[in-house]
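> Structure below; questions to follow.
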Protein chains: 2
Amino acid sequence: MAVGESTVLRTEGGLKYFPPEREAAWFGLLAAHAELTRGLDAALSARHGLSLSAYEVLSRLAHAPGVRLRMSELAARSQLSLSRVSRVTDVLEDRGLAARKSCPTDSRVVHATVTDEGRALVGVAQDTFFEVIEERFLGRLSCEEVGLLGSIFGRLVAAGPQPRA
Amino acid sequence: MAVGESTVLRTEGGLKYFPPEREAAWFGLLAAHAELTRGLDAALSARHGLSLSAYEVLSRLAHAPGVRLRMSELAARSQLSLSRVSRVTDVLEDRGLAARKSCPTDSRVVHATVTDEGRALVGVAQDTFFEVIEERFLGRLSCEEVGLLGSIFGRLVAAGPQPRA
DNA sequence: GAGAGGTGTTTGCAGAAGCAAGCATATCAT
DNA sequence: ATGATATGCTTGCTTCTGCAAACACCTCTC
């Protein structure tokens with residue numbers, strides 16, 4: 001589908017415009033994401049001293065089967081770059097919330113794990129996390145809408161970065 | 001609606017879990033946003049030397065009625081902090097794409113405007129912008145889904161940051 | 001079993017982002 | 001008029017972020 005079709009774009013004064021629904025969907029994604037992540041980050045930082053990134057990392061770790069995850073897996077699950085995960089892990093390690101373990105079968109691999117203290121903190125911080133998410137996001141949607149969002153986003157993410165276009 | 005109701009959260013081994021649909025909606029929002037903004041930023045930077053932020057600012061400016069906007073309005077429309085807008089404007093000004101004008105009726109206010117060169121660049125960069133958005137986002141959705149996203153996000157954003165909870 | 005190439009992680013760096021303090025101007029109360 | 005307060009923008013500082021280069025280790029081939 002080529003861009004520039006009359007059904008998708010409107011031209012006026014040399015500039016193009018999205019039709020309102022498309023503009024709303026795009027702008028809304030931006031605005032909703034910003035609203036949510038800032039709110040979450042603020043709440044988690046204030047109450048538990050964890051940035052949203054740090055919470056994501058620690059939480060993924062605590063929920064992982066075996067409570068250990070290689071760095072690259074952690075990065076994939078927490079939507080952060082590998083380098084960021086490495087540095088966040090530094091901080092969590094310094095605070096005694098996480099630890100690095102070397103993998104017995106492949107010493108290139110680093111497994112991150114969560115300490116007892118870290119696990120306890122996740123348990124507490126979760127309440128804040130779920131509270132904010134429900135209050136500002138999912139709680140304002142019907143179950144059908146939540147399901148629809150999941151399926152839409154799932155499709156986008158599954159399609160991957162480059163659809164070979 | 002209190003968090004922790006059995007319909008919303010599942011508890012296991014001392015940790016709580018979202019049911020899959022809710023997890024998918026939240027994770028999907030994060031993943032889709034990251035995917036899209038990184039793709040857009042990369043494409044705009046490579047082809048036009050504009051970061052996504054710079055493009056947003058310049059584009060909002062070019063599309064504004066009167067082609068001028070106060071800095072605070074610009075910040076609101078482009079989902080950026082005021083300080084970021086100020087600095088992005090510095091760069092755009094240095095590159096001759098935008099200009100600051102003082103407001104005749106209130107000299108605290110600064111109006112940002114776009115130059116002819118800036119307007120021309122927006123005209124070109126738009127094609128990249130719309131192409132990426134359609135290719136990776138809206139083009140993969142039905143019109144109904146686009147409309148639904150718009151209405152869902154619109155509701156979230158309209159509700160504002162703090163619902164007095 | 002030694003080197004070529006691949007994979008997993010960390011580190012150097014440079015840019016992006018926002019908060020809070022600072023500065024300039026306007027507005028309001030007296 | 002004049003000080004007190006509010007508003008709009010910019011700047012100083014710190015943190016976050018990711019890319020790409022570096023590094024360490026594994027694996028495969030000959």
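Chain labels run A, B, ... following the order of the structure tokens; each chain numbers its residues from 1, and ligands are numbered from 1 in the order shown.
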Using only C-alpha atoms, determine which residues of chain B fall within 6 Å of chain A; present them as a VMD selection string.

chain B and resid 3 15 21 24 to 25 28 123 131 147 149 to 150 153

> As JSON, numbers by chain, please: every residue in range 15-146 of chain A that DSSP puts in alpha helix (DSSP H).

{"A": [20, 21, 22, 23, 24, 25, 26, 27, 28, 29, 30, 31, 32, 33, 34, 35, 36, 37, 38, 39, 40, 41, 42, 43, 44, 45, 46, 47, 48, 52, 53, 54, 55, 56, 57, 58, 59, 60, 61, 62, 63, 71, 72, 73, 74, 75, 76, 77, 78, 82, 83, 84, 85, 86, 87, 88, 89, 90, 91, 92, 93, 94, 116, 117, 118, 119, 120, 121, 122, 123, 124, 125, 126, 127, 128, 129, 130, 131, 132, 133, 134, 135, 136, 143, 144, 145, 146]}

> What are the residues of chain A that have an atom within 8 Å of an atom of chain D, counting only C-alpha atoms (C1' of nucleotides), as a PyMOL selection string?

chain A and resi 81+83-84+106-108

> Can you give chain A as a compact mmCIF listing (two decimals) with N, CA and C atoms, in the first residue's frame after you superpose it on chain B, pairing all C-alpha atoms in order for the least-squares fit?


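Everything below was put into result_23.txt:
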```
# COMPACT_ATOMS: atom_id res chain seq x y z
N MET A 1 -11.99 0.87 42.24
CA MET A 1 -11.66 -0.56 42.09
C MET A 1 -10.30 -0.85 42.72
N ALA A 2 -10.30 -1.57 43.79
CA ALA A 2 -9.05 -1.83 44.49
C ALA A 2 -8.18 -2.82 43.72
N VAL A 3 -6.90 -2.60 43.80
CA VAL A 3 -5.97 -3.54 43.20
C VAL A 3 -5.89 -4.77 44.09
N GLY A 4 -5.74 -5.91 43.50
CA GLY A 4 -5.63 -7.11 44.31
C GLY A 4 -6.88 -7.96 44.25
N GLU A 5 -7.89 -7.46 43.52
CA GLU A 5 -9.07 -8.29 43.38
C GLU A 5 -8.72 -9.56 42.62
N SER A 6 -9.43 -10.60 42.94
CA SER A 6 -9.08 -11.90 42.36
C SER A 6 -9.29 -11.91 40.84
N THR A 7 -10.12 -11.02 40.36
CA THR A 7 -10.35 -11.02 38.91
C THR A 7 -9.22 -10.37 38.13
N VAL A 8 -8.39 -9.64 38.85
CA VAL A 8 -7.37 -8.89 38.13
C VAL A 8 -5.97 -9.45 38.32
N LEU A 9 -5.69 -9.93 39.50
CA LEU A 9 -4.34 -10.41 39.76
C LEU A 9 -4.33 -11.85 40.25
N ARG A 10 -3.30 -12.53 39.87
CA ARG A 10 -3.12 -13.90 40.30
C ARG A 10 -1.86 -13.91 41.16
N THR A 11 -1.89 -14.67 42.25
CA THR A 11 -0.72 -14.72 43.11
C THR A 11 -0.11 -16.11 43.06
N GLU A 12 1.23 -16.12 43.02
CA GLU A 12 1.90 -17.42 42.93
C GLU A 12 3.31 -17.28 43.47
N GLY A 13 3.62 -18.07 44.47
CA GLY A 13 4.96 -18.04 45.03
C GLY A 13 5.33 -16.69 45.61
N GLY A 14 4.38 -15.99 46.18
CA GLY A 14 4.68 -14.72 46.80
C GLY A 14 4.69 -13.56 45.83
N LEU A 15 4.62 -13.83 44.55
CA LEU A 15 4.61 -12.75 43.56
C LEU A 15 3.28 -12.73 42.83
N LYS A 16 2.93 -11.56 42.38
CA LYS A 16 1.66 -11.43 41.68
C LYS A 16 1.89 -11.40 40.18
N TYR A 17 0.88 -11.79 39.45
CA TYR A 17 0.96 -11.78 38.01
C TYR A 17 -0.30 -11.18 37.42
N PHE A 18 -0.13 -10.40 36.37
CA PHE A 18 -1.27 -9.98 35.56
C PHE A 18 -1.80 -11.19 34.80
N PRO A 19 -3.08 -11.23 34.57
CA PRO A 19 -3.57 -12.23 33.62
C PRO A 19 -3.02 -11.88 32.23
N PRO A 20 -2.90 -12.87 31.38
CA PRO A 20 -2.21 -12.71 30.09
C PRO A 20 -2.70 -11.53 29.25
N GLU A 21 -4.00 -11.28 29.22
CA GLU A 21 -4.48 -10.19 28.36
C GLU A 21 -3.98 -8.85 28.86
N ARG A 22 -3.97 -8.69 30.18
CA ARG A 22 -3.51 -7.42 30.72
C ARG A 22 -2.00 -7.26 30.53
N GLU A 23 -1.29 -8.34 30.76
CA GLU A 23 0.14 -8.33 30.51
C GLU A 23 0.42 -7.97 29.05
N ALA A 24 -0.33 -8.56 28.15
CA ALA A 24 -0.11 -8.32 26.71
C ALA A 24 -0.39 -6.87 26.35
N ALA A 25 -1.43 -6.30 26.95
CA ALA A 25 -1.76 -4.92 26.64
C ALA A 25 -0.66 -3.98 27.13
N TRP A 26 -0.17 -4.21 28.32
CA TRP A 26 0.87 -3.34 28.87
C TRP A 26 2.19 -3.53 28.14
N PHE A 27 2.61 -4.77 28.03
CA PHE A 27 3.88 -5.04 27.38
C PHE A 27 3.83 -4.59 25.92
N GLY A 28 2.69 -4.82 25.29
CA GLY A 28 2.53 -4.42 23.89
C GLY A 28 2.66 -2.92 23.71
N LEU A 29 2.10 -2.17 24.63
CA LEU A 29 2.22 -0.71 24.55
C LEU A 29 3.68 -0.31 24.58
N LEU A 30 4.40 -0.90 25.52
CA LEU A 30 5.83 -0.61 25.64
C LEU A 30 6.58 -1.00 24.38
N ALA A 31 6.35 -2.22 23.93
CA ALA A 31 7.10 -2.74 22.79
C ALA A 31 6.75 -1.99 21.52
N ALA A 32 5.47 -1.75 21.30
CA ALA A 32 5.06 -1.06 20.08
C ALA A 32 5.61 0.36 20.05
N HIS A 33 5.54 1.02 21.19
CA HIS A 33 6.07 2.38 21.25
C HIS A 33 7.57 2.40 20.96
N ALA A 34 8.29 1.49 21.57
CA ALA A 34 9.74 1.45 21.38
C ALA A 34 10.07 1.16 19.91
N GLU A 35 9.40 0.18 19.37
CA GLU A 35 9.62 -0.21 17.99
C GLU A 35 9.40 0.98 17.05
N LEU A 36 8.28 1.62 17.23
CA LEU A 36 7.90 2.71 16.34
C LEU A 36 8.80 3.92 16.47
N THR A 37 9.03 4.35 17.70
CA THR A 37 9.82 5.57 17.86
C THR A 37 11.27 5.33 17.41
N ARG A 38 11.79 4.15 17.68
CA ARG A 38 13.16 3.90 17.23
C ARG A 38 13.24 3.85 15.72
N GLY A 39 12.26 3.20 15.12
CA GLY A 39 12.25 3.12 13.67
C GLY A 39 12.12 4.50 13.03
N LEU A 40 11.23 5.29 13.57
CA LEU A 40 11.03 6.63 13.03
C LEU A 40 12.27 7.47 13.21
N ASP A 41 12.83 7.41 14.40
CA ASP A 41 14.00 8.22 14.69
C ASP A 41 15.15 7.84 13.75
N ALA A 42 15.32 6.56 13.57
CA ALA A 42 16.41 6.09 12.70
C ALA A 42 16.19 6.56 11.26
N ALA A 43 14.96 6.41 10.78
CA ALA A 43 14.69 6.80 9.39
C ALA A 43 14.83 8.30 9.19
N LEU A 44 14.29 9.08 10.11
CA LEU A 44 14.36 10.53 9.98
C LEU A 44 15.79 11.03 10.11
N SER A 45 16.54 10.45 11.02
CA SER A 45 17.93 10.86 11.20
C SER A 45 18.74 10.54 9.95
N ALA A 46 18.56 9.33 9.47
CA ALA A 46 19.37 8.90 8.32
C ALA A 46 19.05 9.72 7.07
N ARG A 47 17.77 9.95 6.84
CA ARG A 47 17.42 10.60 5.58
C ARG A 47 17.40 12.11 5.64
N HIS A 48 17.13 12.67 6.82
CA HIS A 48 16.96 14.12 6.87
C HIS A 48 17.73 14.80 7.98
N GLY A 49 18.48 14.03 8.76
CA GLY A 49 19.24 14.63 9.83
C GLY A 49 18.40 15.22 10.94
N LEU A 50 17.18 14.70 11.08
CA LEU A 50 16.31 15.18 12.15
C LEU A 50 16.01 14.06 13.13
N SER A 51 16.19 14.32 14.42
CA SER A 51 15.72 13.35 15.40
C SER A 51 14.20 13.37 15.39
N LEU A 52 13.61 12.36 15.97
CA LEU A 52 12.15 12.34 16.03
C LEU A 52 11.63 13.57 16.77
N SER A 53 12.31 13.94 17.85
CA SER A 53 11.91 15.13 18.60
C SER A 53 11.96 16.37 17.73
N ALA A 54 13.05 16.51 17.03
CA ALA A 54 13.21 17.69 16.19
C ALA A 54 12.15 17.70 15.09
N TYR A 55 11.88 16.55 14.54
CA TYR A 55 10.83 16.48 13.51
C TYR A 55 9.48 16.87 14.09
N GLU A 56 9.18 16.35 15.25
CA GLU A 56 7.90 16.67 15.88
C GLU A 56 7.75 18.17 16.08
N VAL A 57 8.79 18.77 16.60
CA VAL A 57 8.74 20.20 16.85
C VAL A 57 8.55 20.97 15.55
N LEU A 58 9.37 20.68 14.59
CA LEU A 58 9.32 21.40 13.32
C LEU A 58 7.98 21.17 12.63
N SER A 59 7.51 19.96 12.70
CA SER A 59 6.26 19.63 12.02
C SER A 59 5.07 20.32 12.68
N ARG A 60 5.01 20.29 13.99
CA ARG A 60 3.92 20.99 14.70
C ARG A 60 3.92 22.45 14.35
N LEU A 61 5.11 22.98 14.26
CA LEU A 61 5.28 24.39 13.94
C LEU A 61 4.76 24.69 12.53
N ALA A 62 5.18 23.87 11.60
CA ALA A 62 4.80 24.11 10.21
C ALA A 62 3.29 23.98 10.02
N HIS A 63 2.67 23.12 10.81
CA HIS A 63 1.24 22.89 10.64
C HIS A 63 0.37 23.83 11.46
N ALA A 64 1.01 24.58 12.33
CA ALA A 64 0.21 25.46 13.19
C ALA A 64 -0.42 26.59 12.37
N PRO A 65 -1.63 26.94 12.69
CA PRO A 65 -2.24 28.08 12.01
C PRO A 65 -1.43 29.32 12.36
N GLY A 66 -1.02 30.06 11.33
CA GLY A 66 -0.19 31.23 11.59
C GLY A 66 1.29 30.87 11.61
N VAL A 67 1.59 29.57 11.59
CA VAL A 67 2.98 29.11 11.52
C VAL A 67 3.82 29.69 12.66
N ARG A 68 3.21 29.91 13.77
CA ARG A 68 3.97 30.35 14.93
C ARG A 68 3.25 29.81 16.16
N LEU A 69 4.03 29.47 17.16
CA LEU A 69 3.47 28.83 18.34
C LEU A 69 4.32 29.26 19.52
N ARG A 70 3.71 29.50 20.63
CA ARG A 70 4.51 29.79 21.80
C ARG A 70 5.15 28.49 22.28
N MET A 71 6.27 28.64 22.94
CA MET A 71 7.05 27.48 23.35
C MET A 71 6.21 26.49 24.16
N SER A 72 5.43 27.01 25.05
CA SER A 72 4.66 26.10 25.91
C SER A 72 3.63 25.32 25.11
N GLU A 73 3.03 25.96 24.11
CA GLU A 73 2.10 25.24 23.25
C GLU A 73 2.82 24.15 22.47
N LEU A 74 3.98 24.51 22.00
CA LEU A 74 4.80 23.58 21.25
C LEU A 74 5.14 22.35 22.10
N ALA A 75 5.46 22.61 23.35
CA ALA A 75 5.80 21.51 24.25
C ALA A 75 4.60 20.60 24.45
N ALA A 76 3.44 21.21 24.65
CA ALA A 76 2.24 20.42 24.89
C ALA A 76 1.92 19.56 23.67
N ARG A 77 2.07 20.13 22.49
CA ARG A 77 1.70 19.38 21.29
C ARG A 77 2.70 18.34 20.88
N SER A 78 3.95 18.52 21.30
CA SER A 78 4.96 17.58 20.83
C SER A 78 5.36 16.57 21.90
N GLN A 79 4.65 16.58 23.01
CA GLN A 79 4.92 15.59 24.06
C GLN A 79 6.33 15.69 24.61
N LEU A 80 6.87 16.91 24.64
CA LEU A 80 8.21 17.08 25.19
C LEU A 80 8.13 18.07 26.33
N SER A 81 9.12 18.02 27.20
CA SER A 81 9.15 19.01 28.27
C SER A 81 9.52 20.36 27.68
N LEU A 82 9.17 21.39 28.40
CA LEU A 82 9.46 22.73 27.96
C LEU A 82 10.96 22.91 27.74
N SER A 83 11.74 22.37 28.63
CA SER A 83 13.18 22.55 28.51
C SER A 83 13.71 21.88 27.25
N ARG A 84 13.17 20.71 26.96
CA ARG A 84 13.61 20.02 25.75
C ARG A 84 13.24 20.82 24.50
N VAL A 85 12.05 21.35 24.49
CA VAL A 85 11.63 22.15 23.35
C VAL A 85 12.55 23.35 23.18
N SER A 86 12.90 23.96 24.29
CA SER A 86 13.79 25.11 24.22
C SER A 86 15.11 24.72 23.56
N ARG A 87 15.64 23.58 23.98
CA ARG A 87 16.93 23.17 23.42
C ARG A 87 16.83 22.69 21.99
N VAL A 88 15.77 21.98 21.69
CA VAL A 88 15.59 21.55 20.30
C VAL A 88 15.47 22.78 19.40
N THR A 89 14.77 23.78 19.90
CA THR A 89 14.63 25.02 19.13
C THR A 89 15.99 25.68 18.92
N ASP A 90 16.86 25.62 19.93
CA ASP A 90 18.22 26.12 19.75
C ASP A 90 18.87 25.50 18.52
N VAL A 91 18.78 24.19 18.48
CA VAL A 91 19.42 23.46 17.38
C VAL A 91 18.79 23.83 16.04
N LEU A 92 17.48 23.83 16.01
CA LEU A 92 16.78 24.15 14.76
C LEU A 92 17.12 25.57 14.31
N GLU A 93 17.26 26.45 15.28
CA GLU A 93 17.60 27.83 14.96
C GLU A 93 19.02 27.90 14.37
N ASP A 94 19.94 27.18 15.00
CA ASP A 94 21.31 27.16 14.49
C ASP A 94 21.36 26.65 13.06
N ARG A 95 20.48 25.70 12.78
CA ARG A 95 20.49 25.13 11.43
C ARG A 95 19.66 25.96 10.46
N GLY A 96 19.10 27.02 10.94
CA GLY A 96 18.32 27.89 10.07
C GLY A 96 16.97 27.35 9.69
N LEU A 97 16.46 26.41 10.49
CA LEU A 97 15.17 25.80 10.16
C LEU A 97 14.02 26.46 10.91
N ALA A 98 14.35 27.03 12.05
CA ALA A 98 13.31 27.69 12.84
C ALA A 98 13.86 29.02 13.35
N ALA A 99 13.00 29.85 13.89
CA ALA A 99 13.44 31.12 14.44
C ALA A 99 12.55 31.48 15.62
N ARG A 100 13.13 32.22 16.56
CA ARG A 100 12.35 32.72 17.68
C ARG A 100 11.93 34.16 17.37
N LYS A 101 10.70 34.47 17.69
CA LYS A 101 10.22 35.86 17.57
C LYS A 101 9.63 36.24 18.91
N SER A 102 9.88 37.45 19.32
CA SER A 102 9.26 37.86 20.57
C SER A 102 7.82 38.29 20.30
N CYS A 103 6.99 38.06 21.27
CA CYS A 103 5.58 38.36 21.13
C CYS A 103 5.37 39.86 21.39
N PRO A 104 4.67 40.55 20.51
CA PRO A 104 4.52 42.00 20.65
C PRO A 104 3.69 42.40 21.88
N THR A 105 2.76 41.56 22.27
CA THR A 105 1.87 41.97 23.36
C THR A 105 2.32 41.48 24.73
N ASP A 106 3.25 40.55 24.76
CA ASP A 106 3.72 40.04 26.04
C ASP A 106 5.15 39.56 25.85
N SER A 107 6.08 40.30 26.37
CA SER A 107 7.47 39.99 26.04
C SER A 107 8.05 38.83 26.87
N ARG A 108 7.25 38.24 27.72
CA ARG A 108 7.71 36.99 28.32
C ARG A 108 7.61 35.86 27.31
N VAL A 109 6.62 36.00 26.47
CA VAL A 109 6.30 34.93 25.53
C VAL A 109 7.25 34.90 24.35
N VAL A 110 7.66 33.71 23.96
CA VAL A 110 8.47 33.52 22.77
C VAL A 110 7.66 32.73 21.76
N HIS A 111 7.58 33.25 20.58
CA HIS A 111 6.94 32.50 19.51
C HIS A 111 8.01 31.82 18.66
N ALA A 112 7.85 30.55 18.45
CA ALA A 112 8.74 29.86 17.53
C ALA A 112 8.08 29.85 16.17
N THR A 113 8.88 30.04 15.14
CA THR A 113 8.36 29.98 13.78
C THR A 113 9.28 29.11 12.94
N VAL A 114 8.80 28.74 11.79
CA VAL A 114 9.60 27.92 10.91
C VAL A 114 10.04 28.77 9.73
N THR A 115 11.28 28.60 9.30
CA THR A 115 11.78 29.37 8.15
C THR A 115 11.34 28.68 6.85
N ASP A 116 11.58 29.33 5.75
CA ASP A 116 11.25 28.71 4.46
C ASP A 116 12.00 27.40 4.30
N GLU A 117 13.25 27.44 4.72
CA GLU A 117 14.07 26.23 4.60
C GLU A 117 13.50 25.11 5.48
N GLY A 118 13.09 25.50 6.67
CA GLY A 118 12.50 24.53 7.58
C GLY A 118 11.21 23.94 7.02
N ARG A 119 10.41 24.81 6.46
CA ARG A 119 9.15 24.35 5.88
C ARG A 119 9.41 23.37 4.74
N ALA A 120 10.42 23.68 3.95
CA ALA A 120 10.76 22.78 2.84
C ALA A 120 11.20 21.42 3.37
N LEU A 121 12.00 21.45 4.44
CA LEU A 121 12.48 20.20 4.99
C LEU A 121 11.33 19.36 5.56
N VAL A 122 10.41 20.01 6.22
CA VAL A 122 9.24 19.29 6.73
C VAL A 122 8.50 18.61 5.57
N GLY A 123 8.35 19.34 4.48
CA GLY A 123 7.66 18.79 3.33
C GLY A 123 8.28 17.49 2.85
N VAL A 124 9.60 17.45 2.87
CA VAL A 124 10.29 16.25 2.42
C VAL A 124 10.25 15.16 3.49
N ALA A 125 10.53 15.56 4.72
CA ALA A 125 10.63 14.59 5.81
C ALA A 125 9.28 13.94 6.11
N GLN A 126 8.22 14.66 5.83
CA GLN A 126 6.88 14.11 6.02
C GLN A 126 6.70 12.78 5.32
N ASP A 127 7.23 12.70 4.11
CA ASP A 127 7.05 11.47 3.35
C ASP A 127 7.64 10.29 4.11
N THR A 128 8.82 10.51 4.67
CA THR A 128 9.44 9.47 5.47
C THR A 128 8.58 9.15 6.69
N PHE A 129 8.14 10.18 7.34
CA PHE A 129 7.33 10.00 8.54
C PHE A 129 6.08 9.17 8.25
N PHE A 130 5.31 9.60 7.29
CA PHE A 130 4.06 8.89 6.99
C PHE A 130 4.34 7.48 6.49
N GLU A 131 5.39 7.34 5.75
CA GLU A 131 5.73 6.03 5.22
C GLU A 131 5.98 5.04 6.36
N VAL A 132 6.80 5.46 7.31
CA VAL A 132 7.15 4.56 8.41
C VAL A 132 5.92 4.27 9.28
N ILE A 133 5.17 5.28 9.58
CA ILE A 133 3.97 5.10 10.41
C ILE A 133 3.00 4.12 9.76
N GLU A 134 2.77 4.30 8.49
CA GLU A 134 1.83 3.40 7.80
C GLU A 134 2.37 1.98 7.71
N GLU A 135 3.65 1.93 7.40
CA GLU A 135 4.26 0.63 7.16
C GLU A 135 4.35 -0.21 8.43
N ARG A 136 4.63 0.44 9.52
CA ARG A 136 4.86 -0.32 10.75
C ARG A 136 3.73 -0.25 11.74
N PHE A 137 2.77 0.59 11.49
CA PHE A 137 1.75 0.79 12.51
C PHE A 137 0.36 0.81 11.89
N LEU A 138 -0.07 1.95 11.43
CA LEU A 138 -1.46 2.09 11.03
C LEU A 138 -1.82 1.22 9.83
N GLY A 139 -0.88 1.05 8.94
CA GLY A 139 -1.14 0.24 7.76
C GLY A 139 -1.41 -1.23 8.08
N ARG A 140 -1.05 -1.64 9.27
CA ARG A 140 -1.27 -3.03 9.65
C ARG A 140 -2.57 -3.21 10.40
N LEU A 141 -3.31 -2.11 10.54
CA LEU A 141 -4.56 -2.17 11.31
C LEU A 141 -5.74 -1.88 10.39
N SER A 142 -6.89 -2.42 10.75
CA SER A 142 -8.10 -2.06 10.01
C SER A 142 -8.53 -0.67 10.44
N CYS A 143 -9.40 -0.07 9.65
CA CYS A 143 -9.87 1.27 9.99
C CYS A 143 -10.60 1.27 11.33
N GLU A 144 -11.33 0.20 11.61
CA GLU A 144 -12.04 0.11 12.89
C GLU A 144 -11.03 0.11 14.04
N GLU A 145 -9.96 -0.64 13.84
CA GLU A 145 -8.95 -0.71 14.90
C GLU A 145 -8.28 0.64 15.13
N VAL A 146 -8.00 1.33 14.05
CA VAL A 146 -7.41 2.66 14.18
C VAL A 146 -8.34 3.57 14.97
N GLY A 147 -9.61 3.52 14.62
CA GLY A 147 -10.58 4.36 15.32
C GLY A 147 -10.66 4.02 16.80
N LEU A 148 -10.61 2.74 17.08
CA LEU A 148 -10.69 2.29 18.46
C LEU A 148 -9.47 2.75 19.27
N LEU A 149 -8.32 2.62 18.67
CA LEU A 149 -7.11 3.09 19.36
C LEU A 149 -7.22 4.57 19.68
N GLY A 150 -7.67 5.32 18.69
CA GLY A 150 -7.82 6.76 18.90
C GLY A 150 -8.75 7.06 20.06
N SER A 151 -9.85 6.34 20.11
CA SER A 151 -10.82 6.64 21.17
C SER A 151 -10.31 6.19 22.53
N ILE A 152 -9.65 5.05 22.56
CA ILE A 152 -9.10 4.57 23.84
C ILE A 152 -8.03 5.53 24.36
N PHE A 153 -7.08 5.85 23.52
CA PHE A 153 -6.01 6.74 23.95
C PHE A 153 -6.54 8.11 24.28
N GLY A 154 -7.49 8.56 23.48
CA GLY A 154 -8.08 9.86 23.74
C GLY A 154 -8.69 9.92 25.13
N ARG A 155 -9.36 8.85 25.50
CA ARG A 155 -9.99 8.81 26.81
C ARG A 155 -8.93 8.84 27.91
N LEU A 156 -7.86 8.07 27.73
CA LEU A 156 -6.80 8.03 28.74
C LEU A 156 -6.16 9.38 28.93
N VAL A 157 -5.87 10.02 27.81
CA VAL A 157 -5.17 11.30 27.89
C VAL A 157 -6.10 12.37 28.45
N ALA A 158 -7.34 12.34 28.01
CA ALA A 158 -8.29 13.34 28.50
C ALA A 158 -8.49 13.21 30.01
N ALA A 159 -8.42 11.98 30.51
CA ALA A 159 -8.63 11.77 31.94
C ALA A 159 -7.55 12.45 32.76
N GLY A 160 -6.41 12.66 32.13
CA GLY A 160 -5.36 13.43 32.79
C GLY A 160 -4.53 12.59 33.75
N PRO A 161 -3.45 13.17 34.18
CA PRO A 161 -2.47 12.48 34.99
C PRO A 161 -3.03 11.92 36.29
N GLN A 162 -3.77 12.75 37.02
CA GLN A 162 -4.17 12.36 38.36
C GLN A 162 -5.68 12.30 38.49
N PRO A 163 -6.23 11.11 38.54
CA PRO A 163 -7.68 10.97 38.67
C PRO A 163 -8.12 11.10 40.12
N ARG A 164 -7.33 11.79 40.87
CA ARG A 164 -7.70 12.05 42.25
C ARG A 164 -7.84 10.79 43.09
N ALA A 165 -7.09 9.79 42.81
CA ALA A 165 -7.24 8.51 43.52
C ALA A 165 -6.40 8.48 44.80
```

> Within 8 Å of chain B, which residues of chain C show up when using only C-alpha atoms (C1' of nucleotides), listed as number ranges by chain?

C: 17-18, 24-26

> Output N, CA and C atoms (P, O5', C5', C4', C3', O3' and C1' of nucleotides) of each residue in that selection to a file, as a JSON list (two decimals), in the first residue's frame.


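File selection_25.json, as written:
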```json
[["chain", "number", "residue", "atom", "x", "y", "z"],
["C", 17, "DA", "P", 14.62, 13.15, 23.28],
["C", 17, "DA", "O5'", 14.47, 13.43, 24.83],
["C", 17, "DA", "C5'", 14.32, 12.33, 25.70],
["C", 17, "DA", "C4'", 14.40, 12.79, 27.13],
["C", 17, "DA", "C3'", 13.60, 14.05, 27.44],
["C", 17, "DA", "O3'", 12.36, 13.67, 28.00],
["C", 17, "DA", "C1'", 15.72, 13.97, 28.58],
["C", 18, "DG", "P", 11.29, 14.75, 28.40],
["C", 18, "DG", "O5'", 11.68, 15.06, 29.91],
["C", 18, "DG", "C5'", 11.79, 13.97, 30.81],
["C", 18, "DG", "C4'", 12.32, 14.47, 32.14],
["C", 18, "DG", "C3'", 11.53, 15.65, 32.71],
["C", 18, "DG", "O3'", 11.43, 15.45, 34.11],
["C", 18, "DG", "C1'", 13.81, 16.22, 32.54],
["C", 24, "DA", "P", 17.83, 38.94, 34.04],
["C", 24, "DA", "O5'", 16.47, 39.22, 33.23],
["C", 24, "DA", "C5'", 16.25, 38.57, 31.99],
["C", 24, "DA", "C4'", 14.77, 38.62, 31.70],
["C", 24, "DA", "C3'", 14.15, 40.02, 31.89],
["C", 24, "DA", "O3'", 13.52, 40.38, 30.68],
["C", 24, "DA", "C1'", 12.86, 38.35, 33.00],
["C", 25, "DT", "P", 12.99, 41.91, 30.49],
["C", 25, "DT", "O5'", 11.42, 41.74, 30.73],
["C", 25, "DT", "C5'", 10.73, 40.78, 29.95],
["C", 25, "DT", "C4'", 9.42, 40.49, 30.61],
["C", 25, "DT", "C3'", 8.54, 41.71, 30.82],
["C", 25, "DT", "O3'", 7.45, 41.58, 29.93],
["C", 25, "DT", "C1'", 8.44, 40.17, 32.63],
["C", 26, "DA", "P", 6.31, 42.72, 29.85],
["C", 26, "DA", "O5'", 5.18, 42.13, 30.80],
["C", 26, "DA", "C5'", 4.47, 40.98, 30.38],
["C", 26, "DA", "C4'", 3.57, 40.51, 31.49],
["C", 26, "DA", "C3'", 2.43, 41.48, 31.84],
["C", 26, "DA", "O3'", 1.25, 40.72, 31.87],
["C", 26, "DA", "C1'", 3.58, 40.80, 33.79]]
```
